[in-house]
file upload15.cif (mmCIF, C-alpha atoms and all ligand atoms)
data_structure
#
loop_
_atom_site.label_atom_id
_atom_site.label_comp_id
_atom_site.auth_asym_id
_atom_site.auth_seq_id
_atom_site.Cartn_x
_atom_site.Cartn_y
_atom_site.Cartn_z
CA MET A 1223 -32.94 -18.48 -24.75
CA THR A 1224 -33.45 -22.16 -24.16
CA ALA A 1225 -36.84 -22.99 -22.64
CA PRO A 1226 -36.86 -25.81 -20.09
CA LEU A 1227 -39.68 -27.51 -21.98
CA ALA A 1228 -41.41 -27.33 -25.35
CA VAL A 1229 -44.89 -28.74 -25.84
CA VAL A 1230 -45.66 -29.59 -29.45
CA TYR A 1231 -49.33 -29.66 -30.33
CA HIS A 1232 -51.82 -28.80 -33.08
CA ASP A 1233 -55.65 -28.82 -32.98
CA GLU A 1234 -55.78 -30.77 -36.25
CA MET A 1235 -55.08 -33.92 -34.25
CA LEU A 1236 -58.55 -33.62 -32.71
CA GLU A 1237 -60.11 -34.19 -36.15
CA HIS A 1238 -59.32 -37.90 -35.95
CA ARG A 1239 -62.69 -39.28 -34.84
CA PRO A 1240 -62.69 -43.04 -35.21
CA PRO A 1241 -66.26 -44.33 -35.46
CA GLY A 1242 -67.64 -46.09 -32.45
CA LEU A 1243 -71.29 -45.21 -32.17
CA GLU A 1244 -72.79 -47.26 -34.98
CA PRO A 1245 -74.99 -49.95 -33.46
CA GLU A 1246 -74.10 -52.49 -36.14
CA LEU A 1247 -70.43 -52.21 -35.27
CA ARG A 1248 -70.94 -52.14 -31.56
CA ASP A 1249 -70.72 -55.83 -30.74
CA TYR A 1250 -67.80 -56.28 -33.05
CA HIS A 1251 -65.99 -53.33 -31.48
CA ALA A 1252 -66.75 -54.43 -27.98
CA ARG A 1253 -65.34 -57.90 -28.60
CA LYS A 1254 -62.15 -56.62 -30.17
CA LEU A 1255 -61.70 -53.88 -27.63
CA ARG A 1256 -62.19 -56.21 -24.71
CA ALA A 1257 -59.22 -58.17 -26.00
CA LEU A 1258 -57.23 -54.97 -26.30
CA LEU A 1259 -58.13 -53.01 -23.21
CA GLY A 1260 -59.90 -55.44 -20.90
CA GLU A 1261 -63.28 -54.83 -19.34
CA LEU A 1262 -62.84 -51.13 -18.98
CA VAL A 1263 -64.38 -50.37 -22.34
CA VAL A 1264 -67.76 -51.97 -21.93
CA SER A 1265 -69.34 -49.69 -19.35
CA GLY A 1266 -71.08 -46.41 -20.04
CA PRO A 1267 -72.29 -44.96 -23.32
CA TRP A 1268 -70.32 -46.37 -26.21
CA LYS A 1269 -67.48 -44.36 -27.64
CA HIS A 1270 -64.28 -45.32 -29.31
CA PRO A 1271 -61.66 -45.20 -26.52
CA GLU A 1272 -59.13 -43.39 -28.74
CA ARG A 1273 -61.31 -40.29 -28.74
CA PRO A 1274 -60.44 -36.59 -29.18
CA GLU A 1275 -61.04 -35.80 -25.50
CA ARG A 1276 -58.00 -37.89 -24.61
CA LEU A 1277 -55.90 -35.15 -26.11
CA SER A 1278 -58.03 -32.01 -25.74
CA ASP A 1279 -58.43 -32.58 -21.98
CA LEU A 1280 -54.70 -33.09 -21.56
CA VAL A 1281 -53.86 -29.98 -23.55
CA GLU A 1282 -56.32 -27.89 -21.56
CA HIS A 1283 -54.80 -29.22 -18.35
CA VAL A 1284 -51.23 -28.52 -19.48
CA ARG A 1285 -52.17 -24.97 -20.48
CA GLY A 1286 -53.65 -24.56 -17.00
CA ILE A 1287 -50.51 -25.68 -15.15
CA ASP A 1288 -48.04 -23.88 -17.43
CA ASP A 1289 -46.32 -21.14 -15.43
CA GLY A 1290 -45.15 -19.39 -18.58
CA ARG A 1291 -41.90 -21.30 -18.96
CA THR A 1292 -43.23 -23.74 -21.56
CA LEU A 1293 -42.58 -23.04 -25.21
CA TRP A 1294 -45.70 -24.02 -27.24
CA ILE A 1295 -45.00 -25.06 -30.81
CA GLU A 1296 -47.45 -25.81 -33.63
CA PRO A 1297 -45.90 -28.48 -35.82
CA PRO A 1298 -46.29 -28.85 -39.58
CA ARG A 1299 -47.61 -32.10 -41.07
CA ALA A 1300 -44.92 -34.64 -41.84
CA ASP A 1301 -44.16 -34.99 -45.55
CA ASP A 1302 -43.98 -38.28 -47.42
CA GLU A 1303 -40.21 -38.15 -47.64
CA ALA A 1304 -39.98 -38.20 -43.85
CA LEU A 1305 -42.62 -40.90 -43.49
CA LEU A 1306 -40.92 -43.14 -46.04
CA ARG A 1307 -37.97 -43.49 -43.70
CA ALA A 1308 -40.17 -45.67 -41.50
CA HIS A 1309 -43.04 -46.74 -43.78
CA THR A 1310 -43.45 -48.37 -47.16
CA PRO A 1311 -44.72 -46.53 -50.27
CA GLY A 1312 -47.68 -48.94 -50.27
CA HIS A 1313 -48.65 -47.89 -46.75
CA LEU A 1314 -48.68 -44.22 -47.71
CA LYS A 1315 -50.76 -45.01 -50.81
CA HIS A 1316 -53.23 -46.84 -48.61
CA LEU A 1317 -53.43 -43.81 -46.32
CA ALA A 1318 -53.95 -41.51 -49.32
CA ARG A 1319 -56.90 -43.61 -50.45
CA LEU A 1320 -58.46 -43.29 -46.99
CA ARG A 1321 -58.21 -39.50 -46.88
CA GLY A 1322 -61.66 -37.96 -46.35
CA LYS A 1323 -63.35 -41.31 -45.67
CA THR A 1324 -64.79 -43.17 -42.72
CA ARG A 1325 -63.56 -46.74 -42.60
CA MET A 1326 -63.05 -49.54 -40.17
CA LEU A 1327 -59.61 -50.94 -40.86
CA SER A 1328 -60.82 -54.04 -39.09
CA LEU A 1329 -57.76 -55.22 -37.23
CA ASP A 1330 -57.98 -54.24 -33.55
CA THR A 1331 -60.77 -51.72 -34.29
CA THR A 1332 -58.31 -49.31 -35.85
CA ALA A 1333 -60.52 -46.91 -37.78
CA VAL A 1334 -60.46 -43.62 -39.64
CA SER A 1335 -62.78 -40.64 -40.07
CA PRO A 1336 -62.47 -37.93 -42.76
CA GLY A 1337 -59.89 -35.96 -40.74
CA SER A 1338 -57.78 -38.91 -39.62
CA ILE A 1339 -55.07 -38.96 -42.24
CA ASP A 1340 -54.23 -35.29 -41.82
CA ALA A 1341 -54.26 -35.84 -38.05
CA ALA A 1342 -51.83 -38.74 -38.41
CA TYR A 1343 -49.52 -36.71 -40.65
CA ARG A 1344 -49.67 -33.92 -38.08
CA ALA A 1345 -48.87 -36.31 -35.23
CA ALA A 1346 -45.80 -37.61 -37.04
CA GLY A 1347 -44.82 -34.01 -37.80
CA ALA A 1348 -45.17 -33.18 -34.11
CA ALA A 1349 -42.80 -35.99 -33.12
CA MET A 1350 -40.28 -34.73 -35.70
CA THR A 1351 -40.67 -31.16 -34.43
CA ALA A 1352 -40.00 -32.32 -30.87
CA VAL A 1353 -36.70 -33.75 -32.13
CA ASP A 1354 -35.83 -30.55 -34.03
CA THR A 1355 -36.54 -28.48 -30.94
CA VAL A 1356 -34.17 -30.33 -28.63
CA VAL A 1357 -31.46 -30.90 -31.22
CA GLU A 1358 -31.49 -27.22 -32.22
CA GLY A 1359 -31.42 -26.21 -28.56
CA ARG A 1360 -34.67 -24.24 -28.54
CA ALA A 1361 -35.77 -26.20 -25.49
CA LYS A 1362 -34.01 -28.53 -23.08
CA SER A 1363 -36.66 -31.20 -23.56
CA ALA A 1364 -39.82 -31.53 -25.62
CA PHE A 1365 -43.13 -33.32 -25.31
CA ALA A 1366 -45.26 -33.94 -28.41
CA LEU A 1367 -48.91 -34.25 -27.37
CA VAL A 1368 -50.32 -36.27 -30.22
CA ARG A 1369 -52.95 -38.63 -31.48
CA PRO A 1370 -53.49 -40.98 -33.17
CA PRO A 1371 -50.78 -42.85 -31.26
CA GLY A 1372 -48.05 -44.64 -33.18
CA HIS A 1373 -46.17 -47.49 -31.54
CA HIS A 1374 -48.30 -50.35 -32.90
CA ALA A 1375 -48.03 -49.13 -36.52
CA ARG A 1376 -45.62 -51.15 -38.63
CA ALA A 1377 -43.84 -50.14 -41.80
CA ALA A 1378 -46.74 -51.44 -43.90
CA HIS A 1379 -49.62 -51.99 -41.44
CA PHE A 1380 -52.11 -50.18 -39.24
CA ARG A 1381 -52.64 -51.66 -35.84
CA GLY A 1382 -53.95 -50.91 -32.35
CA PHE A 1383 -55.38 -47.43 -33.12
CA CYS A 1384 -52.09 -46.47 -34.80
CA LEU A 1385 -51.78 -45.27 -38.42
CA LEU A 1386 -48.21 -43.95 -38.58
CA ASN A 1387 -45.40 -44.79 -36.18
CA ASN A 1388 -44.66 -41.30 -34.86
CA VAL A 1389 -41.66 -42.18 -32.74
CA ALA A 1390 -40.09 -44.28 -35.49
CA VAL A 1391 -40.47 -41.46 -38.00
CA ALA A 1392 -38.89 -39.09 -35.46
CA ALA A 1393 -35.93 -41.41 -34.82
CA ARG A 1394 -35.17 -41.78 -38.52
CA HIS A 1395 -35.64 -38.01 -38.97
CA ALA A 1396 -33.06 -37.36 -36.24
CA ARG A 1397 -30.54 -39.41 -38.17
CA ALA A 1398 -31.39 -38.13 -41.64
CA ALA A 1399 -31.98 -34.44 -40.95
CA HIS A 1400 -29.60 -33.83 -38.06
CA GLY A 1401 -26.89 -36.38 -38.71
CA LEU A 1402 -27.24 -38.04 -35.32
CA GLU A 1403 -25.81 -41.53 -35.31
CA ARG A 1404 -27.58 -43.42 -32.57
CA VAL A 1405 -31.05 -43.02 -31.08
CA LEU A 1406 -32.38 -44.67 -27.93
CA ILE A 1407 -36.15 -45.24 -27.86
CA ILE A 1408 -37.76 -46.02 -24.53
CA ASP A 1409 -41.34 -47.29 -24.67
CA TRP A 1410 -43.03 -47.14 -21.26
CA ASP A 1411 -46.56 -47.56 -22.63
CA VAL A 1412 -48.00 -50.63 -20.90
CA HIS A 1413 -48.63 -52.32 -24.27
CA HIS A 1414 -45.67 -53.66 -26.19
CA GLY A 1415 -44.56 -51.35 -29.01
CA ASP A 1416 -44.69 -54.09 -31.60
CA GLY A 1417 -44.66 -51.69 -34.54
CA THR A 1418 -41.57 -49.87 -33.31
CA GLU A 1419 -39.80 -53.14 -32.59
CA SER A 1420 -40.54 -54.46 -36.06
CA ILE A 1421 -39.30 -51.28 -37.76
CA PHE A 1422 -36.00 -51.28 -35.87
CA GLU A 1423 -35.33 -54.96 -35.19
CA SER A 1424 -32.56 -55.08 -37.82
CA ASP A 1425 -31.31 -51.53 -37.22
CA PRO A 1426 -28.13 -51.38 -35.08
CA ASP A 1427 -28.36 -47.58 -34.76
CA VAL A 1428 -31.58 -47.57 -32.74
CA LEU A 1429 -31.71 -49.17 -29.30
CA PHE A 1430 -35.30 -50.03 -28.42
CA PHE A 1431 -36.13 -50.61 -24.75
CA ASP A 1432 -39.71 -51.61 -24.01
CA LEU A 1433 -41.41 -52.20 -20.67
CA HIS A 1434 -44.83 -53.79 -21.06
CA ARG A 1435 -47.31 -56.24 -19.67
CA ALA A 1436 -46.32 -59.67 -20.96
CA ALA A 1437 -48.13 -61.71 -23.59
CA PRO A 1438 -50.83 -62.91 -23.99
CA TYR A 1439 -51.82 -59.35 -23.05
CA TYR A 1440 -52.27 -57.18 -26.14
CA PRO A 1441 -50.52 -57.15 -28.61
CA GLY A 1442 -49.08 -60.50 -27.54
CA SER A 1443 -45.48 -59.77 -28.55
CA GLY A 1444 -42.42 -58.46 -26.72
CA ALA A 1445 -40.80 -61.66 -25.46
CA LEU A 1446 -37.55 -61.35 -23.58
CA GLU A 1447 -35.80 -63.52 -26.16
CA ASN A 1448 -36.53 -61.09 -29.02
CA THR A 1449 -33.36 -59.03 -28.95
CA GLY A 1450 -33.22 -58.00 -32.60
CA ARG A 1451 -32.18 -59.57 -35.88
CA GLY A 1452 -29.13 -59.54 -38.10
CA ARG A 1453 -27.09 -56.40 -37.60
CA GLY A 1454 -29.69 -55.24 -35.10
CA ARG A 1455 -29.13 -58.19 -32.79
CA GLY A 1456 -28.73 -56.87 -29.26
CA THR A 1457 -30.46 -53.53 -29.85
CA THR A 1458 -33.95 -54.61 -28.81
CA LEU A 1459 -34.53 -55.02 -25.07
CA ASN A 1460 -37.98 -56.23 -24.02
CA VAL A 1461 -38.90 -56.37 -20.36
CA PRO A 1462 -42.24 -58.19 -20.06
CA LEU A 1463 -44.00 -57.61 -16.74
CA PRO A 1464 -46.73 -59.68 -15.06
CA GLU A 1465 -50.23 -58.41 -14.36
CA GLY A 1466 -50.27 -55.95 -11.50
CA ALA A 1467 -46.56 -55.06 -11.70
CA GLY A 1468 -45.83 -52.01 -9.59
CA ASP A 1469 -43.46 -49.08 -9.22
CA GLN A 1470 -40.54 -51.03 -7.78
CA ALA A 1471 -40.39 -53.29 -10.84
CA VAL A 1472 -40.45 -50.37 -13.26
CA LEU A 1473 -37.74 -48.50 -11.40
CA ARG A 1474 -35.51 -51.55 -11.15
CA ALA A 1475 -35.89 -52.18 -14.88
CA PHE A 1476 -34.73 -48.62 -15.52
CA ASP A 1477 -31.84 -48.80 -13.05
CA GLU A 1478 -30.52 -52.26 -13.78
CA ILE A 1479 -31.34 -52.80 -17.45
CA LEU A 1480 -31.98 -49.53 -19.24
CA GLU A 1481 -29.18 -47.50 -17.68
CA PRO A 1482 -26.30 -49.94 -18.32
CA ALA A 1483 -27.64 -50.64 -21.81
CA ALA A 1484 -27.87 -46.92 -22.58
CA ARG A 1485 -24.33 -46.27 -21.34
CA ARG A 1486 -23.06 -49.06 -23.50
CA PHE A 1487 -24.99 -47.81 -26.55
CA ARG A 1488 -24.10 -44.10 -26.14
CA PRO A 1489 -27.13 -42.51 -27.86
CA ASP A 1490 -27.10 -39.04 -29.41
CA LEU A 1491 -30.77 -38.56 -28.57
CA ILE A 1492 -33.32 -40.17 -26.25
CA LEU A 1493 -36.90 -40.56 -27.47
CA VAL A 1494 -39.75 -41.80 -25.33
CA SER A 1495 -42.94 -43.52 -26.45
CA ALA A 1496 -44.81 -42.07 -23.50
CA GLY A 1497 -48.07 -43.87 -22.93
CA PHE A 1498 -49.78 -43.29 -19.60
CA ASP A 1499 -51.70 -46.54 -19.30
CA GLY A 1500 -49.59 -48.25 -16.64
CA THR A 1501 -51.88 -47.06 -13.82
CA ARG A 1502 -54.32 -49.34 -12.04
CA GLU A 1503 -57.37 -47.86 -13.80
CA HIS A 1504 -56.10 -49.36 -17.03
CA LEU A 1505 -56.25 -52.84 -15.51
CA ALA A 1506 -52.87 -54.09 -16.77
CA CYS A 1507 -50.25 -52.96 -14.26
CA ARG A 1508 -50.46 -50.94 -11.05
CA TRP A 1509 -47.97 -48.14 -11.47
CA SER A 1510 -48.60 -44.96 -9.52
CA THR A 1511 -48.85 -41.62 -11.31
CA ALA A 1512 -45.83 -40.54 -9.22
CA VAL A 1513 -43.59 -43.13 -10.83
CA TYR A 1514 -43.68 -41.18 -14.10
CA ALA A 1515 -41.86 -38.33 -12.31
CA HIS A 1516 -39.15 -40.73 -11.16
CA LEU A 1517 -38.77 -42.26 -14.62
CA THR A 1518 -38.58 -38.79 -16.15
CA ARG A 1519 -35.86 -37.69 -13.73
CA ARG A 1520 -33.83 -40.80 -14.54
CA LEU A 1521 -34.12 -40.04 -18.25
CA LEU A 1522 -33.13 -36.40 -17.77
CA ARG A 1523 -29.99 -37.51 -15.95
CA LEU A 1524 -29.20 -40.13 -18.54
CA ALA A 1525 -29.70 -37.59 -21.34
CA ASP A 1526 -27.43 -35.09 -19.56
CA GLU A 1527 -24.77 -37.73 -19.11
CA LEU A 1528 -24.92 -39.26 -22.58
CA CYS A 1529 -26.38 -36.88 -25.16
CA ARG A 1530 -26.21 -33.23 -24.13
CA GLY A 1531 -29.60 -33.48 -22.47
CA ARG A 1532 -31.49 -34.21 -25.69
CA LEU A 1533 -34.77 -35.78 -24.59
CA ALA A 1534 -38.02 -35.80 -26.57
CA MET A 1535 -41.22 -37.56 -25.58
CA VAL A 1536 -44.18 -38.52 -27.73
CA LEU A 1537 -47.60 -39.40 -26.33
CA GLU A 1538 -48.85 -42.94 -26.96
CA GLY A 1539 -51.74 -44.63 -25.11
CA GLY A 1540 -53.83 -43.92 -22.02
CA TYR A 1541 -57.60 -44.05 -21.99
CA HIS A 1542 -58.66 -42.90 -18.52
CA ILE A 1543 -58.35 -39.17 -18.59
CA ASP A 1544 -57.96 -38.41 -14.90
CA PRO A 1545 -54.95 -40.65 -14.16
CA MET A 1546 -53.45 -39.73 -17.52
CA ARG A 1547 -53.66 -36.09 -16.64
CA ARG A 1548 -51.96 -36.69 -13.29
CA ALA A 1549 -49.25 -38.88 -14.79
CA LEU A 1550 -48.50 -36.40 -17.58
CA GLU A 1551 -48.36 -33.62 -15.03
CA GLN A 1552 -45.76 -35.56 -13.01
CA CYS A 1553 -43.72 -35.98 -16.12
CA LEU A 1554 -43.94 -32.34 -17.26
CA PHE A 1555 -43.31 -30.85 -13.81
CA THR A 1556 -40.13 -32.90 -13.65
CA LEU A 1557 -39.03 -31.82 -17.12
CA VAL A 1558 -39.48 -28.17 -16.11
CA ALA A 1559 -37.89 -28.54 -12.66
CA PRO A 1560 -35.64 -31.61 -12.58
CA ASP A 1561 -34.49 -31.02 -9.02
CA ARG A 1562 -37.93 -30.65 -7.50
CA GLU A 1563 -38.96 -32.90 -4.65
CA LEU A 1564 -40.71 -35.91 -6.14
CA PRO A 1565 -43.76 -37.60 -4.62
CA PRO A 1566 -43.13 -41.03 -3.08
CA VAL A 1567 -43.58 -44.16 -5.15
CA GLN A 1568 -45.44 -47.27 -4.01
CA ARG A 1569 -43.77 -50.20 -2.31
CA ASN A 1570 -45.65 -52.74 -4.44
CA ARG A 1571 -43.00 -55.31 -5.35
CA THR A 1572 -45.06 -57.26 -7.87
CA GLY A 1573 -42.99 -57.87 -10.96
CA LEU A 1574 -39.55 -57.70 -9.37
CA PRO A 1575 -38.70 -61.35 -10.12
CA ALA A 1576 -39.59 -60.81 -13.78
CA VAL A 1577 -37.25 -57.82 -13.95
CA ASP A 1578 -34.45 -59.78 -12.26
CA ARG A 1579 -34.96 -62.59 -14.75
CA ALA A 1580 -34.79 -60.14 -17.64
CA ARG A 1581 -31.64 -58.48 -16.28
CA ASP A 1582 -29.92 -61.85 -15.78
CA PHE A 1583 -30.90 -62.90 -19.29
CA PHE A 1584 -29.45 -59.73 -20.83
CA VAL A 1585 -26.27 -60.00 -18.78
CA GLU A 1586 -25.80 -63.62 -19.82
CA SER A 1587 -26.45 -62.61 -23.43
CA GLY A 1588 -23.71 -60.00 -23.13
CA LEU A 1589 -26.07 -57.08 -23.78
CA LEU A 1590 -25.42 -55.08 -20.63
CA GLY A 1591 -21.72 -55.59 -20.17
CA ARG A 1592 -20.45 -57.21 -17.00
CA ARG A 1593 -22.27 -56.77 -13.73
ZN ZN B 1601 -50.89 -48.65 -24.50
#
call {"tool": "encode", "arguments": {"input": "upload15.cif", "output": "structure tokens"}}
result
Amino acid sequence: MTAPLAVVYHDEMLEHRPPGLEPELRDYHARKLRALLGELVVSGPWKHPERPERLSDLVEHVRGIDDGRTLWIEPPRADDEALLRAHTPGHLKHLARLRGKTRMLSLDTTAVSPGSIDAAYRAAGAAMTAVDTVVEGRAKSAFALVRPPGHHARAAHFRGFCLLNNVAVAARHARAAHGLERVLIIDWDVHHGDGTESIFESDPDVLFFDLHRAAPYYPGSGALENTGRGRGRGTTLNVPLPEGAGDQAVLRAFDEILEPAARRFRPDLILVSAGFDGTREHLACRWSTAVYAHLTRRLLRLADELCRGRLAMVLEGGYHIDPMRRALEQCLFTLVAPDRELPPVQRNRTGLPAVDRARDFFVESGLLGRR
């Protein structure tokens, strides 16, 4: 029987414990992290924001709200063959040298502890398992609850707490292992998925749609004009949003940019880089937690229309546990019961002109077809 939802998770991902308590690193961390996450990181006792509780609290919450219809799956670790579809051999060698060690990888306070490499391999394996689950029809949709996150990791570089690009590995796995031709990746994490963009910028078989707070906000990339390179020209769609952008902007971007682009692209699978850091507590945008239910419903409908309902989501960022928990809950409740009554979204119209500008730019560039 097909479950409405599979949740893919393994405790090994809690063994990634990036250092953050050493006094000698504290000022350095605080400076870097302020650039990454704003002022929210400097209050309270110091801890690395990408901490195990981000995931363990979410998993505990999801187990608590599960009414028995969720299929829980423990994923294997990804193997090197799968990772090499999105990463270089040099990157995997670098990871192998870090196994069992504690190291600051310097850039953006990305760091590892002795369990981090296995955790990262497990996270990539979880994203692949989410794909397997929906393609094989074991569940209608799947959510991989993972850490470390992935969307800032490039083929050959760590960045922004990310070691391996989970969603990129999953997209390439879908093509290689299941013979799917085209994959649509939607990145609704509030930070631009620079790693994912760089991996797929020349790949015409992956359409990458990314909503994010505009540069100079971290990571400073994701300009509207970057629409891909070479054969991949036209398969990267960045929608940069201003500070404080609200629900109406996000929904319009989905309705007027993502949906026509997806229909034109005709994906065989929809993957989501699902960060939950668009809420006001994260000090970048001001999305409600309810908007994640509305986005999820739109994606379910799009998946039903275009790719036999195949929809797999992979956790990315989110550092305030309470709003993350509520946003994830909105998403999962909608995956389990797509026709449920959804909570109202906010009327905040901040960001609408930026979305209109992006839509007009893509239409003029011929990327959405005719209006
Ligand atoms: Zn983020």
call {"tool": "closest_residue", "arguments": {"input": "upload15.cif", "among": "A:Ala1333, A:Leu1386, A:Leu1528, A:Ala1506", "to": "ligand ZN 1601 (chain B)", "atoms": "only C-alpha atoms and all ligand atoms"}}
result
A:Ala1506
call {"tool": "residues_around", "arguments": {"input": "upload15.cif", "residues": "A:Gly1347", "least_positions_apart": "5", "cutoff": "8 Å", "atoms": "only C-alpha atoms", "output": "short mmCIF file (atom, residue, chain, number, x, y, z; two decimals) with C-alpha atoms, in the frame of the given file"}}
result
data_model
loop_
_atom_site.label_atom_id
_atom_site.label_comp_id
_atom_site.auth_asym_id
_atom_site.auth_seq_id
_atom_site.Cartn_x
_atom_site.Cartn_y
_atom_site.Cartn_z
CA PRO A 1297 -45.90 -28.48 -35.82
CA PRO A 1298 -46.29 -28.85 -39.58
CA ARG A 1299 -47.61 -32.10 -41.07
CA ALA A 1300 -44.92 -34.64 -41.84
CA ASP A 1301 -44.16 -34.99 -45.55
CA ASN A 1388 -44.66 -41.30 -34.86
#
call {"tool": "residues_near_ligand", "arguments": {"input": "upload15.cif", "ligand": "ligand ZN 1601 (chain B)", "cutoff": "7 Å", "atoms": "all atoms listed in the file", "output": "compact mmCIF listing (two decimals) with C-alpha atoms, in the coordinates of the input"}}
result
# COMPACT_ATOMS: atom_id res chain seq x y z
CA ASP A 1411 -46.56 -47.56 -22.63
CA VAL A 1412 -48.00 -50.63 -20.90
CA HIS A 1413 -48.63 -52.32 -24.27
CA GLY A 1497 -48.07 -43.87 -22.93
CA ASP A 1499 -51.70 -46.54 -19.30
CA GLU A 1538 -48.85 -42.94 -26.96
CA GLY A 1539 -51.74 -44.63 -25.11
CA GLY A 1540 -53.83 -43.92 -22.02
call {"tool": "residues_around", "arguments": {"input": "upload15.cif", "residues": "A:Leu1459", "least_positions_apart": "2", "cutoff": "7 Å", "atoms": "only C-alpha atoms", "output": "PyMOL selection string"}}
result
chain A and resi 1430-1432+1449+1457+1461
call {"tool": "write_last_selection", "arguments": {"input": "upload15.cif", "atoms": "C-alpha atoms", "output": "mmCIF file, in the coordinates of the input"}}
result
data_model
loop_
_atom_site.group_PDB
_atom_site.id
_atom_site.type_symbol
_atom_site.label_atom_id
_atom_site.label_comp_id
_atom_site.auth_asym_id
_atom_site.auth_seq_id
_atom_site.Cartn_x
_atom_site.Cartn_y
_atom_site.Cartn_z
ATOM 1 C CA PHE A 1430 -35.300 -50.030 -28.420
ATOM 2 C CA PHE A 1431 -36.130 -50.610 -24.750
ATOM 3 C CA ASP A 1432 -39.710 -51.610 -24.010
ATOM 4 C CA THR A 1449 -33.360 -59.030 -28.950
ATOM 5 C CA THR A 1457 -30.460 -53.530 -29.850
ATOM 6 C CA VAL A 1461 -38.900 -56.370 -20.360
#
call {"tool": "residues_around", "arguments": {"input": "upload15.cif", "residues": "A:Phe1584", "least_positions_apart": "5", "cutoff": "10 Å", "atoms": "only C-alpha atoms", "output": "mmCIF file with C-alpha atoms, in the frame of the given file"}}
result
data_model
loop_
_atom_site.group_PDB
_atom_site.id
_atom_site.type_symbol
_atom_site.label_atom_id
_atom_site.label_comp_id
_atom_site.auth_asym_id
_atom_site.auth_seq_id
_atom_site.Cartn_x
_atom_site.Cartn_y
_atom_site.Cartn_z
ATOM 1 C CA LEU A 1446 -37.550 -61.350 -23.580
ATOM 2 C CA GLU A 1447 -35.800 -63.520 -26.160
ATOM 3 C CA THR A 1449 -33.360 -59.030 -28.950
ATOM 4 C CA GLY A 1456 -28.730 -56.870 -29.260
ATOM 5 C CA LEU A 1459 -34.530 -55.020 -25.070
ATOM 6 C CA ASN A 1460 -37.980 -56.230 -24.020
ATOM 7 C CA ILE A 1479 -31.340 -52.800 -17.450
ATOM 8 C CA ALA A 1483 -27.640 -50.640 -21.810
ATOM 9 C CA ASP A 1578 -34.450 -59.780 -12.260
ATOM 10 C CA ARG A 1579 -34.960 -62.590 -14.750
ATOM 11 C CA LEU A 1589 -26.070 -57.080 -23.780
ATOM 12 C CA LEU A 1590 -25.420 -55.080 -20.630
ATOM 13 C CA GLY A 1591 -21.720 -55.590 -20.170
#
call {"tool": "residues_around", "arguments": {"input": "upload15.cif", "residues": "A:Ala1396", "least_positions_apart": "6", "cutoff": "12 Å", "atoms": "all atoms listed in the file", "output": "PyMOL selection string"}}
result
chain A and resi 1304+1307+1349-1358+1389-1390+1402-1407+1427-1428+1489-1493+1532-1534
call {"tool": "closest_residue", "arguments": {"input": "upload15.cif", "among": "A:Gln1470, A:Thr1418, A:Ser1495, A:Ser1335", "to": "A:Gly1450", "atoms": "all atoms listed in the file"}}
result
A:Thr1418
call {"tool": "atom_distance", "arguments": {"input": "upload15.cif", "atom1": "atom CA of A:Asn1570", "atom2": "atom CA of A:Pro1482"}}
result
24.0 Å
call {"tool": "closest_residue", "arguments": {"input": "upload15.cif", "among": "A:Glu1234, A:Tyr1541, A:Arg1581, A:His1414", "to": "A:Leu1480", "atoms": "all atoms listed in the file"}}
result
A:Arg1581
call {"tool": "closest_residue", "arguments": {"input": "upload15.cif", "among": "A:Ile1543, A:Ala1512, A:Ala1228, A:Leu1385", "to": "A:Thr1292", "atoms": "only C-alpha atoms"}}
result
A:Ala1228
call {"tool": "decode", "arguments": {"input": "upload15.cif", "residues": "stretch 1395-1418 of chain A", "atoms": "C-alpha atoms", "output": "PDB file, in the first residue's frame"}}
result
ATOM      1  CA  HIS A1395      20.630   9.716  -8.425  1.00  0.00           C
ATOM      2  CA  ALA A1396      17.089  10.032  -9.794  1.00  0.00           C
ATOM      3  CA  ARG A1397      18.491  10.264 -13.291  1.00  0.00           C
ATOM      4  CA  ALA A1398      21.185   7.607 -12.946  1.00  0.00           C
ATOM      5  CA  ALA A1399      19.365   4.982 -10.879  1.00  0.00           C
ATOM      6  CA  HIS A1400      15.785   5.456 -12.048  1.00  0.00           C
ATOM      7  CA  GLY A1401      16.266   6.709 -15.574  1.00  0.00           C
ATOM      8  CA  LEU A1402      14.277   9.887 -15.016  1.00  0.00           C
ATOM      9  CA  GLU A1403      15.093  12.530 -17.584  1.00  0.00           C
ATOM     10  CA  ARG A1404      14.303  15.860 -15.993  1.00  0.00           C
ATOM     11  CA  VAL A1405      14.304  16.986 -12.373  1.00  0.00           C
ATOM     12  CA  LEU A1406      12.906  20.229 -10.985  1.00  0.00           C
ATOM     13  CA  ILE A1407      14.587  21.501  -7.807  1.00  0.00           C
ATOM     14  CA  ILE A1408      12.795  24.172  -5.811  1.00  0.00           C
ATOM     15  CA  ASP A1409      14.857  25.887  -3.123  1.00  0.00           C
ATOM     16  CA  TRP A1410      12.659  27.827  -0.685  1.00  0.00           C
ATOM     17  CA  ASP A1411      15.367  28.202   1.970  1.00  0.00           C
ATOM     18  CA  VAL A1412      15.758  31.947   2.561  1.00  0.00           C
ATOM     19  CA  HIS A1413      19.457  31.787   1.641  1.00  0.00           C
ATOM     20  CA  HIS A1414      20.396  31.339  -1.988  1.00  0.00           C
ATOM     21  CA  GLY A1415      21.347  27.744  -2.846  1.00  0.00           C
ATOM     22  CA  ASP A1416      24.637  28.760  -4.404  1.00  0.00           C
ATOM     23  CA  GLY A1417      26.085  25.251  -4.289  1.00  0.00           C
ATOM     24  CA  THR A1418      23.105  23.727  -6.062  1.00  0.00           C
TER      25      THR A1418
END
